[in-house]
>>> print(open('data26.tsv').read())   # TSV, C-alpha atoms and all ligand atoms
chain	number	residue	atom	x	y	z
A	19	MET	CA	9.04	14.29	-38.28
A	20	THR	CA	6.39	14.22	-41.01
A	21	ALA	CA	4.88	10.93	-41.95
A	22	ILE	CA	5.18	9.70	-45.54
A	23	SER	CA	1.97	10.54	-47.37
A	24	GLU	CA	-0.37	7.61	-47.65
A	25	THR	CA	-0.62	8.07	-51.40
A	26	ASP	CA	3.14	7.67	-51.77
A	27	GLN	CA	3.05	4.59	-49.62
A	28	THR	CA	0.26	2.95	-51.55
A	29	SER	CA	1.88	3.56	-54.90
A	30	ARG	CA	5.19	2.21	-53.59
A	31	LEU	CA	3.43	-0.90	-52.33
A	32	ASP	CA	1.75	-1.36	-55.71
A	33	ASP	CA	5.12	-0.92	-57.47
A	34	VAL	CA	6.84	-3.52	-55.28
A	35	ARG	CA	3.99	-5.99	-55.70
A	36	ALA	CA	4.19	-5.48	-59.48
A	37	ARG	CA	7.97	-6.03	-59.47
A	38	ILE	CA	7.56	-9.30	-57.55
A	39	ALA	CA	4.77	-10.48	-59.83
A	40	ALA	CA	6.74	-9.65	-63.00
A	41	ALA	CA	9.87	-11.38	-61.69
A	42	ALA	CA	7.88	-14.46	-60.71
A	43	ARG	CA	6.16	-14.68	-64.08
A	44	ALA	CA	9.49	-14.22	-65.89
A	45	ALA	CA	10.79	-17.20	-63.91
A	46	GLY	CA	7.68	-19.30	-64.58
A	47	ARG	CA	6.71	-19.08	-60.93
A	48	ASP	CA	3.40	-18.29	-59.24
A	49	PRO	CA	3.61	-14.72	-57.85
A	50	ALA	CA	1.60	-15.91	-54.83
A	51	ALA	CA	4.54	-18.15	-53.91
A	52	VAL	CA	6.64	-15.09	-53.03
A	53	ARG	CA	5.81	-13.42	-49.73
A	54	LEU	CA	6.59	-9.73	-49.30
A	55	LEU	CA	8.16	-8.82	-45.97
A	56	ALA	CA	7.98	-5.06	-45.29
A	57	VAL	CA	11.20	-4.00	-43.54
A	58	SER	CA	10.49	-0.78	-41.67
A	59	LYS	CA	13.68	0.07	-39.81
A	60	THR	CA	13.74	3.77	-38.86
A	61	PHE	CA	10.02	4.11	-39.78
A	62	GLY	CA	7.18	4.11	-37.30
A	63	ALA	CA	3.76	2.71	-36.64
A	64	PRO	CA	1.84	5.15	-38.95
A	65	GLU	CA	3.78	3.99	-42.01
A	66	LEU	CA	3.24	0.35	-41.09
A	67	ALA	CA	-0.45	0.91	-40.46
A	68	ALA	CA	-0.85	2.42	-43.94
A	69	LEU	CA	0.55	-0.77	-45.45
A	70	ALA	CA	-1.47	-3.01	-43.15
A	71	ALA	CA	-4.61	-1.19	-44.27
A	72	ARG	CA	-3.71	-2.22	-47.83
A	73	GLY	CA	-3.42	-5.87	-46.92
A	74	GLN	CA	0.28	-6.09	-46.10
A	75	ARG	CA	0.62	-8.82	-43.44
A	76	ASP	CA	4.32	-9.57	-42.95
A	77	PHE	CA	6.59	-7.06	-41.22
A	78	GLY	CA	10.34	-7.38	-40.63
A	79	GLU	CA	12.21	-5.75	-37.76
A	80	ASN	CA	15.95	-5.44	-37.13
A	81	TYR	CA	16.02	-4.05	-33.61
A	82	LEU	CA	13.96	-5.23	-30.67
A	83	GLN	CA	13.65	-1.81	-28.99
A	84	GLU	CA	12.40	-0.28	-32.19
A	85	ALA	CA	10.03	-3.16	-32.89
A	86	LEU	CA	8.15	-3.53	-29.61
A	87	PRO	CA	6.31	-0.15	-29.73
A	88	LYS	CA	5.30	-0.80	-33.35
A	89	ILE	CA	3.99	-4.28	-32.53
A	90	ASP	CA	1.99	-2.81	-29.63
A	91	ALA	CA	0.71	0.12	-31.69
A	92	LEU	CA	-0.62	-2.05	-34.52
A	93	ALA	CA	-2.09	-4.84	-32.39
A	94	ALA	CA	-5.54	-3.35	-31.81
A	95	ASP	CA	-6.43	-2.15	-35.32
A	96	HIS	CA	-4.59	-4.80	-37.28
A	97	PRO	CA	-4.88	-8.21	-35.64
A	98	GLY	CA	-3.24	-11.14	-37.35
A	99	LEU	CA	-0.06	-9.46	-38.57
A	100	CYS	CA	3.01	-11.65	-38.80
A	101	TRP	CA	6.20	-10.25	-37.21
A	102	HIS	CA	9.61	-11.38	-38.41
A	103	PHE	CA	12.86	-10.66	-36.58
A	104	ILE	CA	15.63	-10.22	-39.16
A	105	GLY	CA	18.37	-8.38	-37.26
A	106	PRO	CA	21.47	-9.35	-35.31
A	107	LEU	CA	20.61	-11.64	-32.39
A	108	GLN	CA	22.05	-10.94	-28.98
A	109	SER	CA	21.52	-13.52	-26.25
A	110	ASN	CA	19.99	-11.00	-23.86
A	111	LYS	CA	17.24	-10.19	-26.41
A	112	THR	CA	16.06	-13.70	-27.21
A	113	ARG	CA	13.39	-13.83	-24.48
A	114	ASP	CA	11.42	-10.89	-25.90
A	115	ILE	CA	11.98	-12.10	-29.44
A	116	ALA	CA	10.61	-15.54	-28.56
A	117	ALA	CA	7.63	-13.89	-26.88
A	118	ARG	CA	6.69	-11.28	-29.49
A	119	PHE	CA	7.74	-12.57	-32.92
A	120	ASP	CA	6.37	-15.27	-35.21
A	121	TRP	CA	9.52	-15.77	-37.28
A	122	VAL	CA	13.26	-15.28	-36.78
A	123	HIS	CA	15.43	-15.20	-39.93
A	124	SER	CA	18.86	-14.44	-38.50
A	125	VAL	CA	19.85	-17.45	-36.40
A	126	ASP	CA	23.44	-18.44	-37.12
A	127	ARG	CA	24.51	-20.39	-34.05
A	128	LEU	CA	23.15	-23.23	-31.97
A	129	SER	CA	23.31	-21.43	-28.60
A	130	VAL	CA	20.84	-18.79	-29.79
A	131	ALA	CA	18.49	-21.43	-31.22
A	132	GLN	CA	18.61	-23.31	-27.90
A	133	ARG	CA	17.69	-20.17	-25.97
A	134	LEU	CA	14.82	-19.37	-28.35
A	135	SER	CA	13.62	-22.96	-28.05
A	136	ARG	CA	13.54	-22.85	-24.25
A	137	GLN	CA	11.95	-19.42	-24.17
A	138	ARG	CA	9.23	-20.39	-26.64
A	139	GLU	CA	8.00	-23.19	-24.36
A	140	GLY	CA	4.21	-23.56	-24.25
A	141	ARG	CA	3.50	-21.62	-27.44
A	142	ALA	CA	3.11	-22.35	-31.13
A	143	PRO	CA	6.51	-23.12	-32.67
A	144	LEU	CA	8.69	-20.18	-33.63
A	145	GLN	CA	9.35	-20.27	-37.38
A	146	LEU	CA	13.06	-20.14	-37.99
A	147	CYS	CA	15.53	-19.52	-40.81
A	148	LEU	CA	19.27	-19.94	-40.57
A	149	GLN	CA	21.31	-17.05	-41.89
A	150	VAL	CA	24.07	-18.22	-44.21
A	151	ASN	CA	27.17	-16.33	-45.25
A	152	VAL	CA	27.00	-16.95	-49.00
A	153	SER	CA	29.42	-14.39	-50.34
A	154	GLY	CA	32.01	-13.92	-47.65
A	155	GLU	CA	30.08	-10.84	-46.65
A	156	THR	CA	31.92	-8.39	-44.50
A	157	SER	CA	29.09	-8.37	-41.94
A	158	LYS	CA	30.47	-11.61	-40.43
A	159	SER	CA	26.92	-12.73	-39.68
A	160	GLY	CA	25.78	-16.03	-41.00
A	161	VAL	CA	26.96	-19.58	-40.72
A	162	ASP	CA	29.50	-20.79	-43.30
A	163	ALA	CA	28.15	-23.22	-45.86
A	164	ALA	CA	30.46	-25.96	-44.57
A	165	GLN	CA	28.98	-25.74	-41.08
A	166	LEU	CA	25.38	-25.40	-42.22
A	167	PRO	CA	24.27	-29.07	-42.37
A	168	ALA	CA	25.35	-29.84	-38.80
A	169	LEU	CA	23.74	-26.66	-37.49
A	170	ALA	CA	20.51	-27.31	-39.41
A	171	LEU	CA	20.21	-30.87	-38.10
A	172	ALA	CA	20.80	-29.72	-34.52
A	173	VAL	CA	18.30	-26.85	-34.78
A	174	ALA	CA	15.66	-29.03	-36.44
A	175	ALA	CA	15.81	-31.35	-33.43
A	176	LEU	CA	14.96	-28.60	-30.90
A	177	PRO	CA	11.43	-28.35	-29.49
A	178	ASN	CA	9.24	-25.25	-29.88
A	179	LEU	CA	10.99	-24.24	-33.12
A	180	ARG	CA	10.20	-25.09	-36.69
A	181	LEU	CA	13.16	-24.85	-39.05
A	182	ARG	CA	11.73	-23.39	-42.28
A	183	GLY	CA	14.80	-22.62	-44.37
A	184	LEU	CA	17.61	-20.22	-45.10
A	185	MET	CA	18.27	-16.51	-45.26
A	186	CYS	CA	21.13	-14.47	-46.73
A	187	ILE	CA	22.24	-10.86	-47.13
A	188	PRO	CA	24.81	-10.93	-49.94
A	189	ALA	CA	27.23	-8.11	-50.56
A	190	PRO	CA	25.58	-5.58	-52.92
A	191	GLN	CA	26.22	-6.13	-56.64
A	192	GLY	CA	25.18	-3.85	-59.49
A	193	ASP	CA	24.84	-6.36	-62.24
A	194	PRO	CA	21.92	-8.82	-62.20
A	195	ALA	CA	24.00	-11.84	-63.19
A	196	ALA	CA	26.37	-11.19	-60.28
A	197	GLN	CA	23.37	-10.69	-58.00
A	198	ARG	CA	22.02	-14.12	-58.86
A	199	ALA	CA	25.13	-16.11	-57.94
A	200	PRO	CA	24.82	-15.96	-54.12
A	201	PHE	CA	21.06	-16.55	-54.32
A	202	ALA	CA	21.70	-19.62	-56.45
A	203	ARG	CA	24.13	-20.85	-53.79
A	204	LEU	CA	21.47	-20.47	-51.11
A	205	ARG	CA	18.98	-22.41	-53.27
A	206	VAL	CA	21.48	-25.26	-53.65
A	207	LEU	CA	22.16	-25.26	-49.89
A	208	LEU	CA	18.42	-25.52	-49.17
A	209	GLN	CA	18.21	-28.49	-51.53
A	210	GLN	CA	21.11	-30.13	-49.69
A	211	LEU	CA	19.16	-29.83	-46.44
A	212	ARG	CA	16.16	-31.46	-48.12
A	213	ASP	CA	18.41	-34.26	-49.29
A	214	LEU	CA	19.36	-34.78	-45.64
A	215	GLY	CA	15.67	-35.33	-44.92
A	216	LEU	CA	14.83	-31.92	-43.48
A	217	ASP	CA	11.39	-30.51	-44.29
A	218	VAL	CA	12.43	-26.99	-45.29
A	219	ASP	CA	10.62	-24.73	-47.75
A	220	THR	CA	11.81	-21.15	-47.27
A	221	LEU	CA	14.39	-19.01	-49.04
A	222	SER	CA	14.45	-15.56	-47.43
A	223	MET	CA	16.47	-13.54	-49.94
A	224	GLY	CA	16.29	-10.40	-52.03
A	225	MET	CA	15.91	-6.76	-50.98
A	226	SER	CA	14.94	-3.54	-52.77
A	227	ALA	CA	17.91	-3.56	-55.15
A	228	ASP	CA	18.02	-7.25	-56.04
A	229	LEU	CA	14.60	-8.80	-55.48
A	230	GLU	CA	14.24	-9.75	-59.18
A	231	ALA	CA	17.46	-11.78	-59.05
A	232	ALA	CA	16.32	-13.45	-55.83
A	233	VAL	CA	12.89	-14.35	-57.21
A	234	ALA	CA	14.57	-15.77	-60.32
A	235	GLU	CA	16.56	-18.08	-58.00
A	236	GLY	CA	13.56	-19.21	-56.00
A	237	ALA	CA	13.06	-16.69	-53.16
A	238	THR	CA	9.90	-17.44	-51.19
A	239	ILE	CA	10.25	-14.35	-48.96
A	240	VAL	CA	11.71	-11.05	-50.17
A	241	ARG	CA	12.61	-8.48	-47.51
A	242	VAL	CA	11.97	-4.99	-48.84
A	243	GLY	CA	12.64	-1.71	-47.05
A	244	SER	CA	13.59	1.39	-49.01
A	245	ALA	CA	11.48	0.53	-52.08
A	246	LEU	CA	8.43	0.59	-49.78
A	247	PHE	CA	9.31	3.37	-47.34
A	248	GLY	CA	11.90	5.52	-49.12
A	249	ALA	CA	15.39	6.30	-47.86
A	250	ARG	CA	15.93	5.43	-44.22
A	251	ARG	CA	15.75	8.20	-41.68
A	252	TYR	CA	18.90	7.84	-39.71
A	253	ALA	CA	19.48	10.53	-37.12
A	254	ASP	CA	22.26	12.94	-38.11
A	255	GLY	CA	25.79	12.26	-36.95
B	1	LIG	C1	17.32	-3.26	-44.18
B	1	LIG	C2	17.19	-4.71	-44.49
B	1	LIG	C3	16.44	-5.15	-45.59
B	1	LIG	C4	15.78	-4.22	-46.58
B	1	LIG	O1	16.75	-3.50	-47.29
B	1	LIG	P1	16.32	-2.51	-48.49
B	1	LIG	O2	17.55	-2.44	-49.32
B	1	LIG	O3	15.98	-1.21	-47.86
B	1	LIG	O4	15.18	-3.11	-49.18
B	1	LIG	C5	16.33	-6.52	-45.79
B	1	LIG	N1	16.90	-7.42	-44.95
B	1	LIG	C6	17.61	-7.03	-43.88
B	1	LIG	C7	18.21	-8.07	-43.01
B	1	LIG	C8	17.78	-5.67	-43.62
B	1	LIG	O5	18.51	-5.31	-42.55
>>> encode(input="data26.tsv", output="structure tokens")
Amino acid sequence: MTAISETDQTSRLDDVRARIAAAARAAGRDPAAVRLLAVSKTFGAPELAALAARGQRDFGENYLQEALPKIDALAADHPGLCWHFIGPLQSNKTRDIAARFDWVHSVDRLSVAQRLSRQREGRAPLQLCLQVNVSGETSKSGVDAAQLPALALAVAALPNLRLRGLMCIPAPQGDPAAQRAPFARLRVLLQQLRDLGLDVDTLSMGMSADLEAAVAEGATIVRVGSALFGARRYADG
């Protein structure tokens, strides 16, 4: 497997940074208020290192087995990276996730939050977002909006975790106005949590195809994969 050329990677990173900055300015927002999370599923440590060398700090991983070798490989040359777990959470994976990640974006039930809380004992709090099902997505992940306040209050009360906000993966939409609707719903849900007294500040929303719509609706973290790395390299078959 040939690595992506470093020149391609740098120009893609510049393009994505420019898209975020333009979207923020168009919305009257400070571009620095939007954090870029590089989502590298199917890509390896060399591609991540090229981005880290250009100042990219936040990396998102969907699968624990794929993530651990990358985290190990980058540790020596690139200290201080921030690792975000954004994939489906299985109970038997929470121990390693609590040990190796700084953030988890995909918590959608209390039992998983309780495990992460116990397994994070003795360390700096794990930063946490609750994944919300904002558009009846087919993925079935994500808590329903109606159940969100109770879950958020319960999670916020757990030790060793810090509830930061909400995450969503809406069904893909071509048209920008349609893209904005689920992101607007997530923004309103975050405000509802603030109204309940929760100190939450994070909207993890927007990917390669819809980051402009997400930034327009207040995204503070955009999770970008293919626009940074190119098409994913799934094994044939
Ligand atoms: C793959 C993935 C992304 C990035 O998707 P792109 O369309 O490649 O930018 C973002 N968030 C999650 C949860 C993902 O699984």
>>> residues_around(input="data26.tsv", residues="stretch 204-218 of chain A", least_positions_apart="4", cutoff="8 Å", atoms="all atoms listed in the file", output="list in words")
Val150, Val152, Ala163, Pro167, Ala170, Leu171, Ala174, Leu181, Arg182, Gly183, Leu184, Met185, Cys186, Pro200, Glu235 and Gly236 of chain A
>>> write_last_selection(input="data26.tsv", atoms="C-alpha atoms", output="PDB file, in the coordinates of the input")
ATOM      1  CA  VAL A 150      24.070 -18.220 -44.210  1.00  0.00           C
ATOM      2  CA  VAL A 152      27.000 -16.950 -49.000  1.00  0.00           C
ATOM      3  CA  ALA A 163      28.150 -23.220 -45.860  1.00  0.00           C
ATOM      4  CA  PRO A 167      24.270 -29.070 -42.370  1.00  0.00           C
ATOM      5  CA  ALA A 170      20.510 -27.310 -39.410  1.00  0.00           C
ATOM      6  CA  LEU A 171      20.210 -30.870 -38.100  1.00  0.00           C
ATOM      7  CA  ALA A 174      15.660 -29.030 -36.440  1.00  0.00           C
ATOM      8  CA  LEU A 181      13.160 -24.850 -39.050  1.00  0.00           C
ATOM      9  CA  ARG A 182      11.730 -23.390 -42.280  1.00  0.00           C
ATOM     10  CA  GLY A 183      14.800 -22.620 -44.370  1.00  0.00           C
ATOM     11  CA  LEU A 184      17.610 -20.220 -45.100  1.00  0.00           C
ATOM     12  CA  MET A 185      18.270 -16.510 -45.260  1.00  0.00           C
ATOM     13  CA  CYS A 186      21.130 -14.470 -46.730  1.00  0.00           C
ATOM     14  CA  PRO A 200      24.820 -15.960 -54.120  1.00  0.00           C
ATOM     15  CA  GLU A 235      16.560 -18.080 -58.000  1.00  0.00           C
ATOM     16  CA  GLY A 236      13.560 -19.210 -56.000  1.00  0.00           C
TER      17      GLY A 236
END
>>> residues_near_ligand(input="data26.tsv", ligand="ligand LIG 1 (chain B)", cutoff="12 Å", atoms="all atoms listed in the file", output="ChimeraX atom specification")
/A:34,54-61,77-81,102-107,122-125,147,149-150,157,159-160,185-191,222-229,239-251
>>> closest_residue(input="data26.tsv", among="A:Leu82, A:Ala36, A:Leu31, A:Leu148", to="A:Asn110", atoms="only C-alpha atoms")
A:Leu82
>>> atom_distance(input="data26.tsv", atom1="atom CA of A:Ser129", atom2="atom CA of A:Ala116")
14.0 Å
>>> closest_residue(input="data26.tsv", among="A:Val52, A:Ala164, A:Val130, A:Ala196", to="A:Leu179", atoms="only C-alpha atoms")
A:Val130
>>> residues_around(input="data26.tsv", residues="A:Lys88", least_positions_apart="5", cutoff="9 Å", atoms="only C-alpha atoms", output="PyMOL selection string")
chain A and resi 62-64+66+93
>>> decode(input="data26.tsv", residues="stretch 100-185 of chain A", atoms="C-alpha atoms", output="PDB file, in the first residue's frame")
ATOM      1  CA  CYS A 100      -5.531  14.667  21.541  1.00  0.00           C
ATOM      2  CA  TRP A 101      -7.284  11.371  20.721  1.00  0.00           C
ATOM      3  CA  HIS A 102     -11.045  11.247  20.267  1.00  0.00           C
ATOM      4  CA  PHE A 103     -13.070   8.035  20.117  1.00  0.00           C
ATOM      5  CA  ILE A 104     -16.018   8.574  17.757  1.00  0.00           C
ATOM      6  CA  GLY A 105     -17.120   5.043  16.844  1.00  0.00           C
ATOM      7  CA  PRO A 106     -19.666   2.558  18.136  1.00  0.00           C
ATOM      8  CA  LEU A 107     -19.054   1.713  21.800  1.00  0.00           C
ATOM      9  CA  GLN A 108     -19.074  -1.887  22.918  1.00  0.00           C
ATOM     10  CA  SER A 109     -18.913  -2.604  26.634  1.00  0.00           C
ATOM     11  CA  ASN A 110     -15.885  -4.877  26.293  1.00  0.00           C
ATOM     12  CA  LYS A 111     -13.874  -2.013  24.722  1.00  0.00           C
ATOM     13  CA  THR A 112     -14.501   0.697  27.291  1.00  0.00           C
ATOM     14  CA  ARG A 113     -11.482  -0.134  29.474  1.00  0.00           C
ATOM     15  CA  ASP A 114      -8.958   0.557  26.697  1.00  0.00           C
ATOM     16  CA  ILE A 115     -10.922   3.563  25.520  1.00  0.00           C
ATOM     17  CA  ALA A 116     -10.892   5.034  29.030  1.00  0.00           C
ATOM     18  CA  ALA A 117      -7.163   4.360  29.251  1.00  0.00           C
ATOM     19  CA  ARG A 118      -6.000   5.645  25.861  1.00  0.00           C
ATOM     20  CA  PHE A 119      -8.392   8.391  24.728  1.00  0.00           C
ATOM     21  CA  ASP A 120      -8.939  11.978  25.835  1.00  0.00           C
ATOM     22  CA  TRP A 121     -12.456  12.363  24.437  1.00  0.00           C
ATOM     23  CA  VAL A 122     -15.368  10.057  23.611  1.00  0.00           C
ATOM     24  CA  HIS A 123     -18.086  11.469  21.321  1.00  0.00           C
ATOM     25  CA  SER A 124     -20.365   8.476  20.874  1.00  0.00           C
ATOM     26  CA  VAL A 125     -21.876   7.739  24.280  1.00  0.00           C
ATOM     27  CA  ASP A 126     -25.607   7.097  23.964  1.00  0.00           C
ATOM     28  CA  ARG A 127     -26.483   5.108  27.077  1.00  0.00           C
ATOM     29  CA  LEU A 128     -25.887   5.379  30.789  1.00  0.00           C
ATOM     30  CA  SER A 129     -24.360   1.910  31.250  1.00  0.00           C
ATOM     31  CA  VAL A 130     -21.453   2.776  28.944  1.00  0.00           C
ATOM     32  CA  ALA A 131     -20.890   6.118  30.683  1.00  0.00           C
ATOM     33  CA  GLN A 132     -20.851   4.339  34.057  1.00  0.00           C
ATOM     34  CA  ARG A 133     -18.225   1.876  32.840  1.00  0.00           C
ATOM     35  CA  LEU A 134     -16.066   4.661  31.395  1.00  0.00           C
ATOM     36  CA  SER A 135     -16.407   6.569  34.655  1.00  0.00           C
ATOM     37  CA  ARG A 136     -15.245   3.622  36.763  1.00  0.00           C
ATOM     38  CA  GLN A 137     -12.431   2.761  34.380  1.00  0.00           C
ATOM     39  CA  ARG A 138     -11.154   6.340  34.263  1.00  0.00           C
ATOM     40  CA  GLU A 139     -10.591   6.385  38.038  1.00  0.00           C
ATOM     41  CA  GLY A 140      -7.425   8.182  39.126  1.00  0.00           C
ATOM     42  CA  ARG A 141      -6.888  10.105  35.894  1.00  0.00           C
ATOM     43  CA  ALA A 142      -7.872  13.465  34.436  1.00  0.00           C
ATOM     44  CA  PRO A 143     -11.571  13.438  33.513  1.00  0.00           C
ATOM     45  CA  LEU A 144     -12.522  11.884  30.197  1.00  0.00           C
ATOM     46  CA  GLN A 145     -14.177  14.521  27.991  1.00  0.00           C
ATOM     47  CA  LEU A 146     -17.519  13.249  26.828  1.00  0.00           C
ATOM     48  CA  CYS A 147     -20.187  14.023  24.238  1.00  0.00           C
ATOM     49  CA  LEU A 148     -23.547  12.327  23.997  1.00  0.00           C
ATOM     50  CA  GLN A 149     -24.502  11.130  20.540  1.00  0.00           C
ATOM     51  CA  VAL A 150     -28.025  12.185  19.609  1.00  0.00           C
ATOM     52  CA  ASN A 151     -30.235  10.736  16.909  1.00  0.00           C
ATOM     53  CA  VAL A 152     -31.378  13.989  15.293  1.00  0.00           C
ATOM     54  CA  SER A 153     -32.802  12.784  12.018  1.00  0.00           C
ATOM     55  CA  GLY A 154     -34.114   9.319  12.685  1.00  0.00           C
ATOM     56  CA  GLU A 155     -30.901   8.054  11.177  1.00  0.00           C
ATOM     57  CA  THR A 156     -30.906   4.471  10.100  1.00  0.00           C
ATOM     58  CA  SER A 157     -27.728   3.779  12.091  1.00  0.00           C
ATOM     59  CA  LYS A 158     -29.838   3.416  15.268  1.00  0.00           C
ATOM     60  CA  SER A 159     -27.000   4.953  17.276  1.00  0.00           C
ATOM     61  CA  GLY A 160     -27.730   7.961  19.375  1.00  0.00           C
ATOM     62  CA  VAL A 161     -30.127   8.780  22.140  1.00  0.00           C
ATOM     63  CA  ASP A 162     -33.540  10.152  21.132  1.00  0.00           C
ATOM     64  CA  ALA A 163     -34.074  13.830  21.866  1.00  0.00           C
ATOM     65  CA  ALA A 164     -36.844  12.992  24.339  1.00  0.00           C
ATOM     66  CA  GLN A 165     -34.501  10.874  26.446  1.00  0.00           C
ATOM     67  CA  LEU A 166     -31.551  13.247  26.220  1.00  0.00           C
ATOM     68  CA  PRO A 167     -32.130  15.499  29.270  1.00  0.00           C
ATOM     69  CA  ALA A 168     -32.396  12.592  31.720  1.00  0.00           C
ATOM     70  CA  LEU A 169     -29.331  10.899  30.251  1.00  0.00           C
ATOM     71  CA  ALA A 170     -27.322  14.138  30.291  1.00  0.00           C
ATOM     72  CA  LEU A 171     -28.157  14.844  33.937  1.00  0.00           C
ATOM     73  CA  ALA A 172     -27.204  11.305  34.951  1.00  0.00           C
ATOM     74  CA  VAL A 173     -23.931  11.366  32.998  1.00  0.00           C
ATOM     75  CA  ALA A 174     -22.988  14.814  34.296  1.00  0.00           C
ATOM     76  CA  ALA A 175     -23.235  13.453  37.841  1.00  0.00           C
ATOM     77  CA  LEU A 176     -20.672  10.671  37.259  1.00  0.00           C
ATOM     78  CA  PRO A 177     -17.107  11.078  38.553  1.00  0.00           C
ATOM     79  CA  ASN A 178     -14.039  10.995  36.281  1.00  0.00           C
ATOM     80  CA  LEU A 179     -16.043  12.247  33.285  1.00  0.00           C
ATOM     81  CA  ARG A 180     -16.692  15.744  32.067  1.00  0.00           C
ATOM     82  CA  LEU A 181     -19.822  16.111  29.956  1.00  0.00           C
ATOM     83  CA  ARG A 182     -18.881  18.604  27.217  1.00  0.00           C
ATOM     84  CA  GLY A 183     -21.807  18.485  24.813  1.00  0.00           C
ATOM     85  CA  LEU A 184     -23.475  16.700  21.940  1.00  0.00           C
ATOM     86  CA  MET A 185     -22.567  14.874  18.764  1.00  0.00           C
TER      87      MET A 185
END
